[in-house]
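J.: Shown below is the structure under consideration.
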Amino acid sequence: MVFSSLAFLYGFLPLFVILYYATNVPNIRNFTLLLFSYFFYAWGEPFWVLLLAFSSVIDFANGLLIERFRGTWKAKAILASSIIVNFGMLAAFKYGGFLYDNFNALIPLPFNRPVVDLPLGISFYTFQTVSYTIDVYRNTFRPQRNFTTFLMYVSMFPQLVAGPIVRYNEIESQLGQRQINWDQIWSGINRFAFGLFKKVFVANATGSLVVKYLDNPSSDLTSPDAWIGLTLFSIQLYFDFSGYSDMAIGLGRMFGFEFPENFKHPYAAISVADFYRRWHISLGKFFRDYVYIPLGGNRKMQDRNIFVVWALTGLWHGASWNFVIWGVYFGVFMILEKYAMFILKKTPRLLKHFYTLLLIIFSRSIFYYVDFEQLKRFWSKLFSGNYTISQGMSIDLLNHVFLLSLAIILCVPWDELFPRMESRVRPIYRWISLPLVLVMIAASTVLLVGETYNPFIYFRF
Amino acid sequence: MRTTTFYSVISFALCLAIPTIMMLNKSESVSVDEKRVLATWPEFSWVTYQNGSYGAAVDAYFDDHLPGRTSILHFADRVKYYWGAHPNVPERTVYIKPKKESADTAQMQFLDDFNQSYSGNMLIIEGAVYTQNCGSPGMSPSFARMLNEYSTKLKGHARVFSCVAPLSSAFIPVEKYQSYRGRNKATLDAIRDNLNGPNFCDVLGELTVHQDEKLFYGTDHHWTARGAYYGYVAFCKSAGLTPVPLEQMERREKSGFLGSLYSLTRDASVREHPDLFEYFKPNISATAVRFTESDLRRPIKSSVFCDGFNGPSCYMTFICGDAPLVKISTGVKNGRKAAVVKNSMGNAFSVYLISHYEEIWVFDFRYSKHVMLDIIRAEKINDLIFALGMYGAMSSGTINMMRKLGEGGIGMPPKAPENSLRTDSISTILGNDSTLSKSTSMEQALDTNTFKIDSTQFSKRTQ
């Protein structure tokens with residue numbers, strides 16, 4: 001099930017709200033959330049519920065065992081087994097075909113390519129459970145002893161399939177008794193409505209143009225068309241993914257959870273490093289805490305560490321070489337930026353912003369095309385030397401000019417530019433928030449009617 | 001602050017609850033705008049649940065049964081229109097995603113092979129939709145070769161004619177798109193140049209002479225009755241016949257025609273420019289029967305004109321829509337017979353032939369599994385006319401279907417529109433389930449007053 005569907009908005013969500021708030025007994029609320037989360041997950045892929053449950057059981061048990069054998073070699077062995085099982089699952093279900101293709105290219109394998117559909121959200125919940133076990137081993141917190149609560153933590157439907165990756169310590173205190181007040185609920189509704197609007201109104205609409213220009217680069221595609229197409233894809237990707245994160249955070253807040261932020265106006269970044277402090281923050285933190293720092297961080301072989309982290313970040317996004325190259329591309333620029341910091345410091349802010357956007361937008365081509373032949377063909381258009389904007393593109397831009405302007409406005413970090421603005425706007429917002437939320441929900445509903453299944457882009461990761 | 005937020009939350013909850021509650025009421029079962037049957041609540045089974053199709057079907061139900069859905073759809077079209085500016089740009093493009101699977105047979109029936117060929121950019125100029133597809137000269141030799149083969153096989157039996165209609169892109173009323181006509185022409189010229197035996201009808205030439213008239217619909221992918229008439233004139237010139245002037249035919253019209261291109265684009269400006277559907281009835285008595293995809297033994301009553309179709313189904317007025325095979329018998333007792341191989345564009349064309357032939361056999365190459373060559377020989381048919389929209393001559397798949405038709409065609413997936421499917425769809429489009437159930441035949445449909453079949457000849461026969 002997806003948030004941006006009428007079945008969710010007008011079926012699942014109202015029913016869940018009624019049952020969740022029918023009682024204020026924490027355990028019953030948790031159980032309700034657990035049941036609905038499994039139902040949510042099982043909607044399209046019932047079989048993979050077993051995998052989700054298996055992953056949860058393994059790490060619940062491992063957490064308790066690590067606690068029991070803390071300080072002994074057994075705790076280390078249990079941690080290792082947890083990592084092997086979780087990443088083994090990821091390797092089998094997400095990277096099985098990819099590994100087969102690569103090994104088979106080197107040495108022909110005596111069996112056929114495994115055909116496995118990618119279980120929804122596996123990259124997200126696997127990282128969540130692994131982080132839990134590692135943190136228990138590191139003694140960051142005590143393991144959860146209530147099985148239902150742990151199952152609920154792993155499977156919470158608001159953030160189950162596309163993040164943010166919520167670490168256990170970030171919501172540990174909220175898993176038992178939760179304090180919920182009307183302000184918090186209303187703030188959650190606002191955030192959810194905004195996320196839905198971003199996804200349906202901006203991302204889906206921009207997506208239809210992206211498909212037109214990027215899916216099948218025609219012979220008429222000029223260089224500016226290709227660049228604009230990539231820019232549109234950048235807008236789509238941001239509004240799609242951040243829209244989902246907003247909805248997840250909003251839903252969490254509606255039910256008493258405070259999930260970590262996942263985006264902070266990434267397109268306002270002034271360097272690649274800055275960009276990834278603002279984009280998919282929860283994934284960046286995961287790699288920082290569980291890969292980069294253990295490898296030595298900035299104390300030992302920093303360049304290698306950055307390179308490894310970014311190759312893995314690329315691979316996390318998909319079982320294909322283009323994602324690895326995409327990750328390495330950013331790794332290389334991170335390292336270059338490190339050495340060229342003295343130049344960046346002297347460069348005007350606007351120029352740095354332009355440089356960052358250029359790199360980000362270009363990187364989207366590597367991200368978009370899994371097929372290298374298609375990527376090559378697209379690059380030939382990107383640098384074709386035909387610098388006139390096509391008639392079709394100019395008409396399309398004009399026909400979407402208000403929508404794209406809105407998208408650009410929403411990309412601007414107004415709160416960073418005008419820090420005092422929030423305190424002035426807040427009293428006004430209080431009065432306009434209800435009509436605004438209703439307009440956003442209504443507009444999204446209107447655009448969802450008659451649309452086919454429109455999953456979030458990050459679902460496939 | 002608390003009080004405000006409390007009321008905000010409650011107001012929001014109520015706003016969300018109203019559509020939810022209203023959804024429980026029975027709503028429309030057909031979307032006329034989208035030309036499809038709306039989803040019904042699926043029956044639960046473990047098999048459908050496990051393969052995910054149950055969830056997908058429930059999603060579809062929610063999508064299809066939001067209260068006021070049709071108005072919401074129209075409003076959505078308007079919202080999309082206001083995403084951008086449209087000043088001084090009378091034209092814009094809409095991108096239609098190619099359909100990978102045509103699971104919806106009800107929609108497939110209406111859009112036929114057109115939808116397969118016409119995905120991509122659609123140009124909208126002042127509420128009229130034009131495809132930016134303008135032909136494929138590379139496929140023309142293959143199409144001509146297929147016609148040549150028929151000509152060889154029928155030597156001494158029947159003449160073969162190529163009457164391929166151009167695409168609407170040939171007549172975009174904006175100067176900068178004039179080149180599109182050139183490509184249409186190149187495609188048709190390439191057919192002509194590769195014909196060896198068959199006769200070529202210069203349909204584009206004849207249409208060009210009358211380009212100031214309404215030749216193609218703005219909301220539908222078909223040519224108008226007027227456009228088809230000029231196609232018929234081109235055929236007459238090629239066949240040595242004298243075309244009957246339009247003035248000698250009975251003119252009728254229906255308003256509010258929103259056809260397939262509106263369904264595809266769902267564009268607000270297109271909806272505001274519905275077509276006037278005019279058609280012309282030759283002053284000749286004629287009756288028609290239709291056959292299922294391969295059975296000649298059980299003819300089903302039909303009609304040359306089905307005047308009862310209205311709204312989005314107007315184009316089904318001509319020979320009552322697509323059928324695997326239609327046989328028209330006329331009052332012209334000259335012993336001459338014609339066979340027409342067509343896609344839906346040929347429907348509007350075929351009706352004019354009743355002034356010249358005693359019998360006309362209309363084969364839909366997408367659905368028919370009749371052995372056409374046997375019928376031509378057995379019935380001593382004089383002329384075999386390929387009257388189709390150019391999109392049918394632009395793919396090896398459709399050309400192959402026409403080739404196979406001679407030996408008993410292969411048909412087009414999904415299942416051919418047999419009686420049950422056709423009448424079911426007709427009934428659902430008309431929203432008259434009680435008179436046209438799945439089991440009713442076309443014959444019953446035509447006898448039903450609800451249908452208002454008032455073709456003079458047909459009425460006489462049934463009386």
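As shown in the structure tokens, the chain order sets the letters A, B, ...; within each chain, residues go from 1, and ligands are also counted from 1 in the order they appear.
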What's around stretch 133-138 of chain B at 7 Å? Count only C-alpha atoms, leave out sequence neighbours fewer than 6 positions away in its own chain, and write the answer as a ChimeraX atom specification.

T.: /B:118,167,169,180,183-184,186-187,190,394

J.: Select all residues from chain B having any atom no more than 6 Å from an atom of chain A (counting only C-alpha atoms, ignoring ligands), output as an mmCIF file with C-alpha atoms, in the first residue's frame.

T.:
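The resulting file, iface.cif, is reproduced below:
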data_model
loop_
_atom_site.group_PDB
_atom_site.id
_atom_site.type_symbol
_atom_site.label_atom_id
_atom_site.label_comp_id
_atom_site.auth_asym_id
_atom_site.auth_seq_id
_atom_site.Cartn_x
_atom_site.Cartn_y
_atom_site.Cartn_z
ATOM 1 C CA THR B 5 -5.703 22.962 17.129
ATOM 2 C CA PHE B 6 -8.411 20.810 18.665
ATOM 3 C CA SER B 8 -8.588 22.036 13.414
ATOM 4 C CA VAL B 9 -7.995 18.340 14.026
ATOM 5 C CA THR B 20 -15.049 7.799 3.281
ATOM 6 C CA GLN B 50 -1.206 -13.826 -2.038
ATOM 7 C CA GLY B 52 -1.228 -9.102 -4.615
ATOM 8 C CA GLY B 55 -4.959 -5.445 -2.857
ATOM 9 C CA ASP B 59 -7.051 0.122 -4.587
ATOM 10 C CA PHE B 62 -11.294 3.212 -4.052
ATOM 11 C CA ASP B 63 -9.919 5.087 -7.051
ATOM 12 C CA ILE B 72 -13.466 15.523 -9.746
ATOM 13 C CA ALA B 76 -8.388 17.598 -12.128
ATOM 14 C CA TRP B 83 -0.145 24.367 -14.035
ATOM 15 C CA GLY B 84 1.150 26.636 -16.713
ATOM 16 C CA ALA B 85 0.536 29.607 -18.880
ATOM 17 C CA ARG B 92 0.620 22.418 -26.380
#

J.: Can you list, as number ranges by chain, every residue of stretch 46-142 of chain A that DSSP puts in helix (DSSP H, G or I)?

T.: A: 46-68, 73-93, 96-106, 122-137

J.: Counting only C-alpha atoms, which of A:Tyr329, A:Tyr290, A:Trp414, A:Trp316 gets nearest to A:Lys264?

T.: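 That would be A:Trp414, the residue with the smallest distance to A:Lys264.
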
J.: Please report the interatomic distance between atom CA of B:Tyr279 and atom CA of B:Cys306 in Å with one decimal.

T.: 11.2 Å

J.: For a test of reading the model, state the distance in Å between atom CA of A:Leu151 and atom CA of A:Tyr244, rounded to one decimal.

T.: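 A separation of 22.1 Å between them.
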
J.: Pick out the closest residue to B:Leu296 from this set: B:Val58, B:Val371, B:Ile18, B:Leu73. Count only C-alpha atoms.

T.: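 Of the candidates, the smallest distance to B:Leu296 is held by B:Val371.
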
J.: Within 9 Å of B:Trp223, counting only C-alpha atoms, which residues show up once you throw out same-chain ones fewer than 2 positions away? Write them as a PyMOL selection string, please.

T.: chain B and resi 165+167-168+214-217+220-221+225-228+345+348+389

J.: Could you name the residues that touch A:Lys94 at 9 Å or less, counting only C-alpha atoms, but leaving out those on the same chain fewer than 2 positions away, as a tab-separated table (two decimals) with all heavy atoms, in the first residue's frame?

T.:
chain	number	residue	atom	x	y	z
A	89	MET	N	20.57	-11.79	3.79
A	89	MET	CA	19.21	-11.63	3.24
A	89	MET	C	19.18	-10.57	2.15
A	89	MET	O	18.60	-10.74	1.08
A	89	MET	CB	18.27	-11.17	4.36
A	89	MET	CG	17.37	-12.26	4.89
A	89	MET	SD	16.61	-11.77	6.46
A	89	MET	CE	16.10	-10.11	6.20
A	90	LEU	N	19.85	-9.47	2.45
A	90	LEU	CA	19.90	-8.37	1.49
A	90	LEU	C	20.60	-8.83	0.20
A	90	LEU	O	20.16	-8.54	-0.91
A	90	LEU	CB	20.65	-7.19	2.12
A	90	LEU	CG	20.35	-5.80	1.60
A	90	LEU	CD1	18.87	-5.48	1.71
A	90	LEU	CD2	21.16	-4.76	2.39
A	91	ALA	N	21.71	-9.56	0.41
A	91	ALA	CA	22.48	-10.05	-0.75
A	91	ALA	C	21.63	-10.99	-1.58
A	91	ALA	O	21.62	-10.93	-2.82
A	91	ALA	CB	23.74	-10.75	-0.28
A	92	ALA	N	20.90	-11.87	-0.90
A	92	ALA	CA	20.12	-12.87	-1.62
A	92	ALA	C	18.96	-12.24	-2.37
A	92	ALA	O	18.74	-12.51	-3.56
A	92	ALA	CB	19.61	-13.93	-0.65
A	96	GLY	N	21.07	-10.77	-5.49
A	96	GLY	CA	21.25	-12.12	-6.03
A	96	GLY	C	21.51	-12.11	-7.53
A	96	GLY	O	22.49	-12.67	-8.01
A	97	GLY	N	20.61	-11.46	-8.25
A	97	GLY	CA	20.72	-11.41	-9.71
A	97	GLY	C	21.97	-10.68	-10.15
A	97	GLY	O	22.68	-11.10	-11.07
A	98	PHE	N	22.28	-9.61	-9.45
A	98	PHE	CA	23.46	-8.79	-9.78
A	98	PHE	C	24.75	-9.59	-9.57
A	98	PHE	O	25.64	-9.61	-10.43
A	98	PHE	CB	23.44	-7.55	-8.87
A	98	PHE	CG	24.60	-6.62	-9.03
A	98	PHE	CD1	24.79	-5.94	-10.22
A	98	PHE	CD2	25.49	-6.41	-7.98
A	98	PHE	CE1	25.86	-5.05	-10.36
A	98	PHE	CE2	26.55	-5.53	-8.12
A	98	PHE	CZ	26.75	-4.85	-9.31
A	116	VAL	N	14.13	-13.27	-8.30
A	116	VAL	CA	13.49	-12.91	-7.02
A	116	VAL	C	13.03	-11.46	-7.11
A	116	VAL	O	13.82	-10.59	-7.49
A	116	VAL	CB	14.47	-13.07	-5.83
A	116	VAL	CG1	13.76	-12.79	-4.52
A	116	VAL	CG2	15.09	-14.44	-5.82
A	117	ASP	N	11.78	-11.24	-6.76
A	117	ASP	CA	11.29	-9.85	-6.70
A	117	ASP	C	11.86	-9.20	-5.44
A	117	ASP	O	11.96	-9.84	-4.39
A	117	ASP	CB	9.76	-9.83	-6.61
A	117	ASP	CG	9.15	-10.19	-7.94
A	117	ASP	OD1	9.83	-10.01	-8.96
A	117	ASP	OD2	8.00	-10.66	-7.95
A	118	LEU	N	12.21	-7.95	-5.57
A	118	LEU	CA	12.77	-7.24	-4.43
A	118	LEU	C	11.70	-7.00	-3.37
A	118	LEU	O	10.69	-6.35	-3.64
A	118	LEU	CB	13.33	-5.89	-4.91
A	118	LEU	CG	13.97	-5.01	-3.85
A	118	LEU	CD1	15.27	-5.63	-3.36
A	118	LEU	CD2	14.24	-3.61	-4.40
A	119	PRO	N	11.90	-7.57	-2.16
A	119	PRO	CA	10.89	-7.31	-1.11
A	119	PRO	C	10.86	-5.81	-0.77
A	119	PRO	O	11.92	-5.19	-0.61
A	119	PRO	CB	11.40	-8.13	0.08
A	119	PRO	CG	12.34	-9.12	-0.50
A	119	PRO	CD	12.96	-8.45	-1.68
A	122	ILE	N	13.16	-3.57	1.95
A	122	ILE	CA	14.14	-4.43	2.62
A	122	ILE	C	15.41	-3.66	2.99
A	122	ILE	O	16.00	-3.87	4.05
A	122	ILE	CB	14.46	-5.69	1.76
A	122	ILE	CG1	15.33	-6.67	2.57
A	122	ILE	CG2	15.11	-5.33	0.45
A	122	ILE	CD1	15.52	-8.03	1.90
A	123	SER	N	15.80	-2.72	2.13
A	123	SER	CA	17.03	-1.95	2.41
A	123	SER	C	16.86	-1.08	3.64
A	123	SER	O	17.82	-0.79	4.35
A	123	SER	CB	17.38	-1.05	1.23
A	123	SER	OG	17.40	-1.80	0.07
A	318	GLY	N	20.82	0.38	-5.39
A	318	GLY	CA	20.34	-0.59	-6.38
A	318	GLY	C	21.40	-1.57	-6.78
A	318	GLY	O	22.60	-1.30	-6.70
A	319	ALA	N	20.93	-2.74	-7.21
A	319	ALA	CA	21.85	-3.80	-7.61
A	319	ALA	C	22.22	-3.62	-9.07
A	319	ALA	O	21.76	-4.35	-9.94
A	319	ALA	CB	21.18	-5.15	-7.37
A	461	PHE	N	14.26	0.78	-3.79
A	461	PHE	CA	15.55	0.60	-3.13
A	461	PHE	C	15.36	-0.21	-1.85
A	461	PHE	O	16.24	-0.46	-1.14
A	461	PHE	CB	16.20	1.95	-2.83
A	461	PHE	CG	16.35	2.80	-4.06
A	461	PHE	CD1	16.09	4.14	-4.04
A	461	PHE	CD2	16.72	2.22	-5.27
A	461	PHE	CE1	16.21	4.92	-5.17
A	461	PHE	CE2	16.83	2.99	-6.42
A	461	PHE	CZ	16.57	4.34	-6.36

J.: In Å to one decimal, how far is atom CA of A:His317 from atom CA of A:Val166?

T.: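 Between atom CA of A:Val166 and atom CA of A:His317 the gap works out to 17.5 Å.
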
J.: Counting only C-alpha atoms, figure out which residue out of A:Ala248, A:Leu410, A:Val25, A:Ala340 gets nearest to A:His265.

T.: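 Among A:Ala248, A:Leu410, A:Val25, A:Ala340, it is A:Leu410 that comes nearest to A:His265.
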
J.: Going by DSSP on the backbone, which bits of stretch 118-227 of chain B are strand (DSSP E)? Write them as a ChimeraX atom specification, please.

T.: /B:120-125,128-131,159-165,199-200

J.: Skip B:Cys320 itself and residues of its chain fewer than 5 positions away, then list as a count of residues only all residues within 7 Å of it, counting only C-alpha atoms.

T.: 4

J.: Which residues are close to A:Pro143, i.e. within 8 Å by only C-alpha atoms, leaving aside same-chain residues fewer than 5 positions away? Reply as a list of chain:residue names.

T.: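 The filter keeps A:Phe60, A:Gly63, A:Leu64, A:Glu67, A:Val136.
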
J.: Which neighbours of stretch 365-367 of chain A fall inside 12 Å, counting only C-alpha atoms, when residues of the same chain fewer than 6 positions from it are skipped, and could you give them as a PyMOL selection string?

T.: chain A and resi 210+213-215+217+226-234+237+314-315+317-330+358-359+373-382+457

J.: Produce a file of the selected residues containing N, CA and C atoms, as a CSV table (one decimal), in the first residue's frame.

T.:
chain,number,residue,atom,x,y,z
A,210,VAL,N,9.3,14.0,-17.1
A,210,VAL,CA,10.6,13.3,-17.1
A,210,VAL,C,10.5,12.0,-18.0
A,213,TYR,N,10.9,12.9,-21.6
A,213,TYR,CA,12.2,13.4,-22.2
A,213,TYR,C,13.3,12.4,-21.9
A,214,LEU,N,13.2,11.6,-20.8
A,214,LEU,CA,14.3,10.8,-20.4
A,214,LEU,C,14.1,9.3,-20.8
A,215,ASP,N,12.9,8.9,-20.8
A,215,ASP,CA,12.7,7.4,-21.0
A,215,ASP,C,13.1,6.9,-22.3
A,217,PRO,N,15.1,8.8,-25.1
A,217,PRO,CA,15.6,10.0,-25.7
A,217,PRO,C,15.5,10.0,-27.3
A,226,ALA,N,17.9,18.0,-22.9
A,226,ALA,CA,18.4,16.9,-22.0
A,226,ALA,C,18.8,17.4,-20.6
A,227,TRP,N,19.4,18.6,-20.6
A,227,TRP,CA,19.7,19.2,-19.3
A,227,TRP,C,18.4,19.5,-18.5
A,228,ILE,N,17.5,20.1,-19.2
A,228,ILE,CA,16.2,20.4,-18.5
A,228,ILE,C,15.5,19.2,-18.0
A,229,GLY,N,15.6,18.1,-18.9
A,229,GLY,CA,15.0,16.8,-18.5
A,229,GLY,C,15.6,16.3,-17.2
A,230,LEU,N,16.9,16.4,-17.1
A,230,LEU,CA,17.6,16.0,-15.9
A,230,LEU,C,17.2,16.9,-14.7
A,231,THR,N,17.1,18.2,-14.9
A,231,THR,CA,16.7,19.1,-13.8
A,231,THR,C,15.3,18.7,-13.3
A,232,LEU,N,14.4,18.4,-14.3
A,232,LEU,CA,13.1,18.0,-13.9
A,232,LEU,C,13.1,16.7,-13.1
A,233,PHE,N,14.0,15.8,-13.5
A,233,PHE,CA,14.1,14.5,-12.7
A,233,PHE,C,14.6,14.8,-11.3
A,234,SER,N,15.6,15.8,-11.2
A,234,SER,CA,16.1,16.2,-9.9
A,234,SER,C,14.9,16.7,-9.0
A,237,LEU,N,12.6,13.7,-8.1
A,237,LEU,CA,13.3,12.8,-7.1
A,237,LEU,C,13.2,13.4,-5.7
A,314,GLY,N,26.2,4.0,-3.0
A,314,GLY,CA,25.7,3.7,-4.4
A,314,GLY,C,25.0,2.4,-4.5
A,315,LEU,N,25.7,1.4,-4.0
A,315,LEU,CA,25.2,0.0,-4.1
A,315,LEU,C,23.9,-0.2,-3.3
A,317,HIS,N,21.6,1.8,-3.2
A,317,HIS,CA,20.5,2.3,-4.0
A,317,HIS,C,20.0,1.3,-5.0
A,318,GLY,N,20.8,0.4,-5.4
A,318,GLY,CA,20.3,-0.6,-6.4
A,318,GLY,C,21.4,-1.6,-6.8
A,319,ALA,N,20.9,-2.7,-7.2
A,319,ALA,CA,21.8,-3.8,-7.6
A,319,ALA,C,22.2,-3.6,-9.1
A,320,SER,N,23.0,-2.6,-9.3
A,320,SER,CA,23.4,-2.3,-10.7
A,320,SER,C,24.7,-1.5,-10.6
A,321,TRP,N,25.5,-1.6,-11.6
A,321,TRP,CA,26.8,-0.9,-11.6
A,321,TRP,C,26.6,0.6,-11.7
A,322,ASN,N,25.5,1.0,-12.4
A,322,ASN,CA,25.3,2.5,-12.5
A,322,ASN,C,25.2,3.1,-11.1
A,323,PHE,N,24.6,2.4,-10.2
A,323,PHE,CA,24.5,3.0,-8.8
A,323,PHE,C,25.8,3.1,-8.2
A,324,VAL,N,26.6,2.1,-8.4
A,324,VAL,CA,28.0,2.0,-7.8
A,324,VAL,C,28.8,3.2,-8.4
A,325,ILE,N,28.7,3.4,-9.7
A,325,ILE,CA,29.4,4.5,-10.3
A,325,ILE,C,28.9,5.8,-9.8
A,326,TRP,N,27.6,5.9,-9.7
A,326,TRP,CA,27.0,7.1,-9.1
A,326,TRP,C,27.5,7.4,-7.7
A,327,GLY,N,27.7,6.4,-6.9
A,327,GLY,CA,28.2,6.6,-5.6
A,327,GLY,C,29.7,7.0,-5.6
A,328,VAL,N,30.5,6.3,-6.4
A,328,VAL,CA,31.9,6.6,-6.6
A,328,VAL,C,32.1,8.0,-7.1
A,329,TYR,N,31.2,8.4,-8.0
A,329,TYR,CA,31.3,9.8,-8.6
A,329,TYR,C,31.2,10.8,-7.4
A,330,PHE,N,30.3,10.6,-6.5
A,330,PHE,CA,30.2,11.5,-5.4
A,330,PHE,C,31.4,11.4,-4.4
A,358,LEU,N,25.1,21.8,-10.6
A,358,LEU,CA,25.6,21.2,-11.9
A,358,LEU,C,26.0,19.7,-11.7
A,359,LEU,N,26.8,19.5,-10.6
A,359,LEU,CA,27.2,18.2,-10.4
A,359,LEU,C,26.1,17.2,-10.0
A,373,GLU,N,24.0,1.5,-22.3
A,373,GLU,CA,23.8,1.9,-23.7
A,373,GLU,C,22.8,3.1,-23.8
A,374,GLN,N,21.8,3.1,-23.0
A,374,GLN,CA,20.9,4.2,-22.9
A,374,GLN,C,21.6,5.4,-22.3
A,375,LEU,N,22.4,5.2,-21.3
A,375,LEU,CA,23.1,6.3,-20.7
A,375,LEU,C,24.0,7.0,-21.7
A,376,LYS,N,24.7,6.1,-22.5
A,376,LYS,CA,25.6,6.6,-23.5
A,376,LYS,C,24.9,7.5,-24.5
A,377,ARG,N,23.7,6.9,-24.9
A,377,ARG,CA,22.9,7.6,-25.9
A,377,ARG,C,22.4,9.0,-25.3
A,378,PHE,N,22.1,9.0,-24.1
A,378,PHE,CA,21.6,10.2,-23.4
A,378,PHE,C,22.7,11.2,-23.3
A,379,TRP,N,23.9,10.7,-22.9
A,379,TRP,CA,25.1,11.7,-22.8
A,379,TRP,C,25.4,12.3,-24.2
A,380,SER,N,25.2,11.5,-25.3
A,380,SER,CA,25.5,12.0,-26.6
A,380,SER,C,24.5,13.2,-26.9
A,381,LYS,N,23.3,13.1,-26.3
A,381,LYS,CA,22.4,14.2,-26.5
A,381,LYS,C,22.7,15.4,-25.6
A,382,LEU,N,23.2,15.0,-24.4
A,382,LEU,CA,23.5,16.0,-23.4
A,382,LEU,C,24.6,17.0,-23.9
A,457,ILE,N,9.5,6.6,-5.8
A,457,ILE,CA,10.7,6.1,-6.5
A,457,ILE,C,11.6,5.3,-5.5

J.: Between B:Met390, B:Leu405, B:Tyr315, B:Ala56, which one has atoms that come closest to B:Lys185, using only C-alpha atoms?

T.: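 Comparing B:Met390, B:Leu405, B:Tyr315, B:Ala56 against B:Lys185, the winner is B:Met390.
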